[in-house]
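Student: Pasting coords13.csv here (CSV, C-alpha atoms):
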chain,number,residue,atom,x,y,z
A,1,MET,CA,4.9,35.8,26.6
A,2,ALA,CA,4.7,32.3,25.0
A,3,PRO,CA,1.8,30.1,26.1
A,4,ALA,CA,2.4,27.3,28.5
A,5,PHE,CA,2.1,23.7,27.3
A,6,ALA,CA,-1.0,23.2,29.5
A,7,GLN,CA,-2.6,26.3,28.0
A,8,ILE,CA,-2.0,24.9,24.4
A,9,GLN,CA,-3.3,21.5,25.4
A,10,ALA,CA,-6.5,23.1,26.9
A,11,TYR,CA,-6.9,25.0,23.6
A,12,ILE,CA,-6.6,21.8,21.6
A,13,THR,CA,-9.1,20.0,23.9
A,14,ARG,CA,-11.6,22.8,23.4
A,15,LEU,CA,-11.2,22.6,19.6
A,16,PHE,CA,-11.9,18.9,19.6
A,17,GLU,CA,-14.8,19.2,22.1
A,18,THR,CA,-16.5,22.3,20.8
A,19,ARG,CA,-15.3,23.6,17.4
A,20,PHE,CA,-15.1,20.4,15.5
A,21,GLU,CA,-18.7,19.5,14.8
A,22,THR,CA,-18.3,15.8,14.0
A,23,ALA,CA,-15.9,13.7,16.0
A,24,LEU,CA,-13.7,11.5,13.8
A,25,PRO,CA,-13.4,7.9,15.1
A,26,TYR,CA,-9.6,7.7,14.6
A,27,HIS,CA,-8.2,11.2,14.3
A,28,SER,CA,-9.7,12.2,17.6
A,29,LEU,CA,-8.6,14.0,20.8
A,30,GLN,CA,-7.8,10.6,22.3
A,31,HIS,CA,-5.4,9.9,19.3
A,32,THR,CA,-3.8,13.3,19.7
A,33,LEU,CA,-3.2,12.8,23.4
A,34,GLN,CA,-1.8,9.3,22.9
A,35,VAL,CA,0.6,10.5,20.2
A,36,THR,CA,1.7,13.3,22.4
A,37,ALA,CA,2.3,11.0,25.3
A,38,VAL,CA,4.3,8.5,23.2
A,39,LEU,CA,6.3,11.5,21.7
A,40,LYS,CA,7.3,12.6,25.2
A,41,GLN,CA,8.4,9.0,26.0
A,42,LEU,CA,10.5,8.8,22.8
A,43,CYS,CA,12.0,12.2,23.4
A,44,GLU,CA,13.2,11.1,26.8
A,45,MET,CA,14.6,7.9,25.5
A,46,GLU,CA,16.4,9.6,22.7
A,47,LYS,CA,17.7,12.3,25.1
A,48,VAL,CA,16.1,15.2,23.1
A,49,SER,CA,16.6,18.6,24.8
A,50,THR,CA,13.8,19.9,26.9
A,51,ALA,CA,13.2,22.8,24.5
A,52,ASP,CA,13.1,20.6,21.4
A,53,ALA,CA,10.9,18.0,23.2
A,54,GLN,CA,8.4,20.9,24.1
A,55,LEU,CA,8.2,22.0,20.4
A,56,ALA,CA,7.7,18.5,19.2
A,57,ALA,CA,4.9,17.9,21.8
A,58,ILE,CA,3.2,21.1,20.7
A,59,ALA,CA,3.4,19.9,17.1
A,60,CYS,CA,1.8,16.6,18.1
A,61,LEU,CA,-1.1,18.5,19.7
A,62,PHE,CA,-1.8,20.3,16.5
A,63,HIS,CA,-0.8,17.5,14.0
A,64,ASP,CA,-4.3,16.2,13.1
A,65,THR,CA,-6.4,19.3,13.8
A,66,GLY,CA,-6.2,20.0,10.0
A,67,PHE,CA,-8.4,17.0,9.4
A,68,TYR,CA,-11.3,19.1,10.5
A,69,ILE,CA,-10.4,21.9,8.1
A,70,ASP,CA,-9.1,20.3,5.0
A,71,HIS,CA,-9.1,16.5,5.0
A,72,LYS,CA,-6.9,16.1,1.9
A,73,ALA,CA,-4.2,18.6,3.0
A,74,HIS,CA,-4.6,18.2,6.7
A,75,GLU,CA,-0.9,18.6,7.7
A,76,ALA,CA,-0.7,22.0,6.0
A,77,ALA,CA,-4.1,23.0,7.5
A,78,GLY,CA,-2.9,21.9,11.0
A,79,ALA,CA,0.4,23.8,10.5
A,80,ARG,CA,-1.6,27.0,9.6
A,81,LEU,CA,-3.8,26.6,12.6
A,82,ALA,CA,-0.8,26.2,14.8
A,83,ALA,CA,1.0,29.2,13.3
A,84,GLU,CA,-2.1,31.4,13.8
A,85,TYR,CA,-2.7,30.4,17.4
A,86,LEU,CA,0.9,30.3,18.5
A,87,GLY,CA,1.8,33.5,16.6
A,88,GLY,CA,-1.1,35.3,18.4
A,89,HIS,CA,0.2,34.0,21.7
A,90,GLY,CA,3.8,35.2,21.5
A,91,LEU,CA,5.7,32.1,20.5
A,92,ALA,CA,9.0,33.0,18.7
A,93,PRO,CA,8.7,32.8,14.9
A,94,HIS,CA,11.6,30.3,14.6
A,95,ASP,CA,9.9,28.0,17.1
A,96,ILE,CA,6.6,28.2,15.2
A,97,GLY,CA,8.6,27.3,12.1
A,98,THR,CA,10.0,24.2,13.8
A,99,ILE,CA,6.5,23.2,15.0
A,100,CYS,CA,5.0,23.6,11.5
A,101,ARG,CA,7.9,21.6,10.0
A,102,LEU,CA,7.2,18.8,12.5
A,103,ILE,CA,3.5,18.8,11.8
A,104,ASN,CA,4.3,18.5,8.1
A,105,ALA,CA,6.7,15.6,8.9
A,106,THR,CA,3.6,13.5,9.8
A,107,THR,CA,2.8,13.3,6.1
A,108,ARG,CA,2.6,9.6,5.3
A,109,HIS,CA,5.2,9.5,2.6
A,110,ALA,CA,7.7,12.1,3.9
A,111,PRO,CA,10.9,10.5,5.2
A,112,PRO,CA,12.2,12.4,8.3
A,113,ALA,CA,15.0,14.8,7.8
A,114,ASP,CA,16.2,14.8,11.4
A,115,VAL,CA,15.7,13.1,14.8
A,116,LEU,CA,12.8,15.3,15.8
A,117,GLU,CA,10.9,14.5,12.6
A,118,ALA,CA,11.7,10.8,13.1
A,119,ILE,CA,10.3,10.9,16.6
A,120,VAL,CA,7.1,12.7,15.6
A,121,HIS,CA,6.6,10.4,12.7
A,122,ASP,CA,7.1,7.3,15.0
A,123,ALA,CA,4.8,8.6,17.7
A,124,ASP,CA,2.0,9.3,15.1
A,125,LEU,CA,2.1,5.7,13.8
A,126,HIS,CA,3.1,3.9,17.0
A,127,TYR,CA,-0.3,2.1,17.1
A,128,LEU,CA,1.1,-0.2,14.4
A,129,GLY,CA,3.3,-1.7,17.1
A,130,THR,CA,0.7,-2.0,19.9
A,131,GLU,CA,-1.8,-4.6,21.1
A,132,ASP,CA,-4.5,-2.1,20.2
A,133,TYR,CA,-3.6,-2.2,16.5
A,134,THR,CA,-6.7,-4.0,15.2
A,135,ARG,CA,-9.1,-1.7,17.1
A,136,GLN,CA,-7.2,1.4,15.9
A,137,ALA,CA,-7.3,0.1,12.3
A,138,ASP,CA,-11.0,-0.5,12.5
A,139,LEU,CA,-11.5,3.1,13.7
A,140,LEU,CA,-9.6,4.4,10.7
A,141,ARG,CA,-11.7,2.2,8.4
A,142,LYS,CA,-14.9,3.7,9.9
A,143,GLU,CA,-13.4,7.2,9.5
A,144,TRP,CA,-12.7,6.6,5.8
A,145,GLU,CA,-16.3,5.4,5.4
A,146,MET,CA,-17.6,8.6,7.1
A,147,THR,CA,-15.3,11.2,5.5
A,148,GLN,CA,-14.4,9.8,2.1
A,149,SER,CA,-17.2,7.3,1.3
A,150,ARG,CA,-14.5,4.7,0.9
A,151,TYR,CA,-15.9,1.2,1.6
A,152,TYR,CA,-13.8,-1.9,1.5
A,153,THR,CA,-14.4,-5.6,1.8
A,154,ASP,CA,-12.6,-7.3,4.6
A,155,ARG,CA,-10.1,-8.7,2.1
A,156,GLU,CA,-9.5,-5.2,0.5
A,157,TRP,CA,-9.0,-3.7,4.0
A,158,LEU,CA,-6.5,-6.3,5.0
A,159,GLU,CA,-4.6,-5.8,1.8
A,160,ILE,CA,-4.4,-2.1,2.3
A,161,ASN,CA,-3.2,-2.6,5.9
A,162,LEU,CA,-0.7,-5.2,4.7
A,163,ALA,CA,0.8,-2.9,2.1
A,164,PHE,CA,0.9,0.0,4.5
A,165,MET,CA,2.6,-2.0,7.2
A,166,GLU,CA,5.1,-3.6,4.8
A,167,ASN,CA,6.2,-0.1,3.6
A,168,HIS,CA,6.2,1.4,7.1
A,169,ARG,CA,9.3,1.6,9.3
A,170,PHE,CA,10.0,3.1,12.7
A,171,TYR,CA,12.9,5.5,12.3
A,172,SER,CA,14.1,6.1,15.9
A,173,ALA,CA,16.0,3.5,17.7
A,174,SER,CA,13.7,3.9,20.7
A,175,ALA,CA,10.5,3.4,18.7
A,176,GLN,CA,12.1,0.3,17.2
A,177,ARG,CA,12.8,-1.0,20.7
A,178,LEU,CA,9.3,-0.2,21.9
A,179,PHE,CA,7.1,-1.1,19.0
A,180,GLN,CA,8.9,-3.2,16.3
A,181,ALA,CA,8.3,-6.7,17.8
A,182,VAL,CA,4.6,-6.1,18.3
A,183,LYS,CA,4.3,-4.5,14.8
A,184,ASP,CA,5.9,-7.7,13.4
A,185,ARG,CA,3.3,-9.8,15.2
A,186,ASN,CA,0.5,-7.6,13.9
A,187,LEU,CA,1.9,-7.8,10.4
A,188,GLN,CA,2.0,-11.6,10.7
A,189,SER,CA,-1.6,-11.6,12.0
A,190,VAL,CA,-2.8,-9.6,9.0
A,191,ARG,CA,-1.1,-12.0,6.6
A,192,GLN,CA,-2.7,-15.0,8.4
A,193,LYS,CA,-6.2,-13.4,8.2
A,194,LEU,CA,-5.7,-12.8,4.5
A,195,GLN,CA,-4.9,-16.5,4.0
A,196,PHE,CA,-8.3,-17.5,5.5
A,197,LEU,CA,-10.4,-15.1,3.4
Spit out the file's structure as structure tokens when you get a sec.

Tutor:
Amino acid sequence: MAPAFAQIQAYITRLFETRFETALPYHSLQHTLQVTAVLKQLCEMEKVSTADAQLAAIACLFHDTGFYIDHKAHEAAGARLAAEYLGGHGLAPHDIGTICRLINATTRHAPPADVLEAIVHDADLHYLGTEDYTRQADLLRKEWEMTQSRYYTDREWLEINLAFMENHRFYSASAQRLFQAVKDRNLQSVRQKLQFL
């Protein structure tokens, strides 16, 4: 019998709390749960079937677990972890395949192939269109310092954020409605900060 969503979420929570030795500032349990909550909201707004929404939510729970296994290929590592766990708990192979495909859809430069991939992608990067953007970006900066020894001046960091935000787009109509206006304000704020450095 396939595991219930609550059982999978409990497993992911245990992974973050016990198995992963060093908590990452950005790719954390909190980020995972936020992305999953936003995903559920977008699925409802986009009228995604209950079954597909469930698979997408499971993908969101696993989507960044790979950071703790292989930082450079974290999507593939997260998909492997999901396949191992879910396969050992009776989930149908085609459902596991869908979950792994959705995890891999969070790859930064991968354009979504369908509405589910679009929603997962949008949920993962929703923070760009929230009032919490600056704090989240600062957490990511700290994480890069910790995990990759990448240090940036304030100007360099703002330039990286500007380029990323200018090349990013929300794919689903619901994410555009929910997050685009605030993302545009955040983008303008980054531009203004760069003018004063």

Student: Produce a table with one row for each residue of range 9-33 of chain A that has an atom at most 10 Å from any atom of range 66-89 of chain A, each row naming the nearest atom pair and its distance in Å at one decimal; use only C-alpha atoms; arrange rows by chain and rising residue number; format as a Markdown table.

Tutor:
| residue | atom | partner | partner_atom | distance |
| --- | --- | --- | --- | --- |
| A:Tyr11 | CA | A:Tyr85 | CA | 9.2 |
| A:Ile12 | CA | A:Ala82 | CA | 10.0 |
| A:Leu15 | CA | A:Tyr68 | CA | 9.8 |
| A:Phe16 | CA | A:Tyr68 | CA | 9.1 |
| A:Arg19 | CA | A:Tyr68 | CA | 9.2 |
| A:Phe20 | CA | A:Tyr68 | CA | 6.4 |
| A:Glu21 | CA | A:Tyr68 | CA | 8.6 |
| A:Thr22 | CA | A:Tyr68 | CA | 8.5 |
| A:Ala23 | CA | A:Tyr68 | CA | 9.0 |
| A:Leu24 | CA | A:Tyr68 | CA | 8.6 |
| A:His27 | CA | A:Phe67 | CA | 7.6 |
| A:Ser28 | CA | A:Phe67 | CA | 9.6 |

Student: Please produce an output containing C-alpha atoms for each residue in the selection, written as a PDB file, keeping the file's coordinate frame.

Tutor:
ATOM      1  CA  TYR A  11      -6.900  25.000  23.600  1.00  0.00           C
ATOM      2  CA  ILE A  12      -6.600  21.800  21.600  1.00  0.00           C
ATOM      3  CA  LEU A  15     -11.200  22.600  19.600  1.00  0.00           C
ATOM      4  CA  PHE A  16     -11.900  18.900  19.600  1.00  0.00           C
ATOM      5  CA  ARG A  19     -15.300  23.600  17.400  1.00  0.00           C
ATOM      6  CA  PHE A  20     -15.100  20.400  15.500  1.00  0.00           C
ATOM      7  CA  GLU A  21     -18.700  19.500  14.800  1.00  0.00           C
ATOM      8  CA  THR A  22     -18.300  15.800  14.000  1.00  0.00           C
ATOM      9  CA  ALA A  23     -15.900  13.700  16.000  1.00  0.00           C
ATOM     10  CA  LEU A  24     -13.700  11.500  13.800  1.00  0.00           C
ATOM     11  CA  HIS A  27      -8.200  11.200  14.300  1.00  0.00           C
ATOM     12  CA  SER A  28      -9.700  12.200  17.600  1.00  0.00           C
TER      13      SER A  28
END

Student: Could you tell me which of A:Val115, A:Ala137, A:Ile160, A:Met146 comes closest to Ser49 in chain A if we count all atoms listed in the file?

Tutor: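 For Ser49 in chain A, the nearest of the given residues is A:Val115.
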
Student: List the neighbours of Ala113 in chain A out to 12 Å using only C-alpha atoms; skip same-chain residues closer than 5 positions along the sequence, and give me the result as a list in words.

Tutor: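 Those residues are Arg101, Leu102, Asn104, Ala105, Thr106, Ala118, Ile119, Val120, His121, Tyr171 and Ser172 of chain A.
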
Student: Show which residues sit within 12 Å of Asp122 in chain A, as a ChimeraX atom specification. Count only C-alpha atoms, and ignore same-chain residues fewer than 4 positions away.

Tutor: /A:35-43,56,60,102,105-108,111-112,115-118,126-129,168-180

Student: Create the file for the chosen residues now, containing C-alpha atoms and written as a compact mmCIF listing (two decimals), in the frame of the given file.

Tutor:
# COMPACT_ATOMS: atom_id res chain seq x y z
CA VAL A 35 0.60 10.50 20.20
CA THR A 36 1.70 13.30 22.40
CA ALA A 37 2.30 11.00 25.30
CA VAL A 38 4.30 8.50 23.20
CA LEU A 39 6.30 11.50 21.70
CA LYS A 40 7.30 12.60 25.20
CA GLN A 41 8.40 9.00 26.00
CA LEU A 42 10.50 8.80 22.80
CA CYS A 43 12.00 12.20 23.40
CA ALA A 56 7.70 18.50 19.20
CA CYS A 60 1.80 16.60 18.10
CA LEU A 102 7.20 18.80 12.50
CA ALA A 105 6.70 15.60 8.90
CA THR A 106 3.60 13.50 9.80
CA THR A 107 2.80 13.30 6.10
CA ARG A 108 2.60 9.60 5.30
CA PRO A 111 10.90 10.50 5.20
CA PRO A 112 12.20 12.40 8.30
CA VAL A 115 15.70 13.10 14.80
CA LEU A 116 12.80 15.30 15.80
CA GLU A 117 10.90 14.50 12.60
CA ALA A 118 11.70 10.80 13.10
CA HIS A 126 3.10 3.90 17.00
CA TYR A 127 -0.30 2.10 17.10
CA LEU A 128 1.10 -0.20 14.40
CA GLY A 129 3.30 -1.70 17.10
CA HIS A 168 6.20 1.40 7.10
CA ARG A 169 9.30 1.60 9.30
CA PHE A 170 10.00 3.10 12.70
CA TYR A 171 12.90 5.50 12.30
CA SER A 172 14.10 6.10 15.90
CA ALA A 173 16.00 3.50 17.70
CA SER A 174 13.70 3.90 20.70
CA ALA A 175 10.50 3.40 18.70
CA GLN A 176 12.10 0.30 17.20
CA ARG A 177 12.80 -1.00 20.70
CA LEU A 178 9.30 -0.20 21.90
CA PHE A 179 7.10 -1.10 19.00
CA GLN A 180 8.90 -3.20 16.30

Student: Report, in Å to a single decimal, how far apart CA of Gly90 in chain A and CA of Ala51 in chain A are.

Tutor: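 Distance between the two atoms: 15.8 Å.
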
Student: Just checking: using only C-alpha atoms, which residue out of A:Pro25, A:Leu91, A:Ala110, A:Gln34 ends up closest to Phe5 in chain A?

Tutor: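 Comparing A:Pro25, A:Leu91, A:Ala110, A:Gln34 against Phe5 in chain A, the winner is A:Leu91.
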
Student: Restricting the calculation to all atoms listed in the file: of A:Leu61, A:Thr18, A:Tyr133, A:Gln7, which residue gets closest to Ile99 in chain A?

Tutor: A:Leu61

Student: Quick one: residues within 12 Å of (1.5, -0.2, 4.8) (file frame), counting all atoms listed in the file, please, as a list in words.

Tutor: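 The distance filter leaves exactly Arg108, His109, Leu125, Leu128, Ala137, Trp157, Leu158, Glu159, Ile160, Asn161, Leu162, Ala163, Phe164, Met165, Glu166, Asn167, His168, Arg169, Lys183, Asn186, Leu187 and Val190 of chain A.
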
Student: Enter the distance from CA of Arg155 in chain A to CA of Leu194 in chain A, in Å, rounded to one decimal.

Tutor: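 Between CA of Arg155 in chain A and CA of Leu194 in chain A the gap is 6.5 Å.
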
Student: Tell me which of A:Gln148, A:Ser189, A:Gln136, A:Thr32 sits closest to Asp124 in chain A, counting only C-alpha atoms.

Tutor: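 Going through A:Gln148, A:Ser189, A:Gln136, A:Thr32 one by one, the smallest distance to Asp124 in chain A is for A:Thr32.
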
Student: Between CA of Arg14 in chain A and CA of His63 in chain A, measure the distance and give it in Å to one decimal.

Tutor: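 The value is 15.3 Å.
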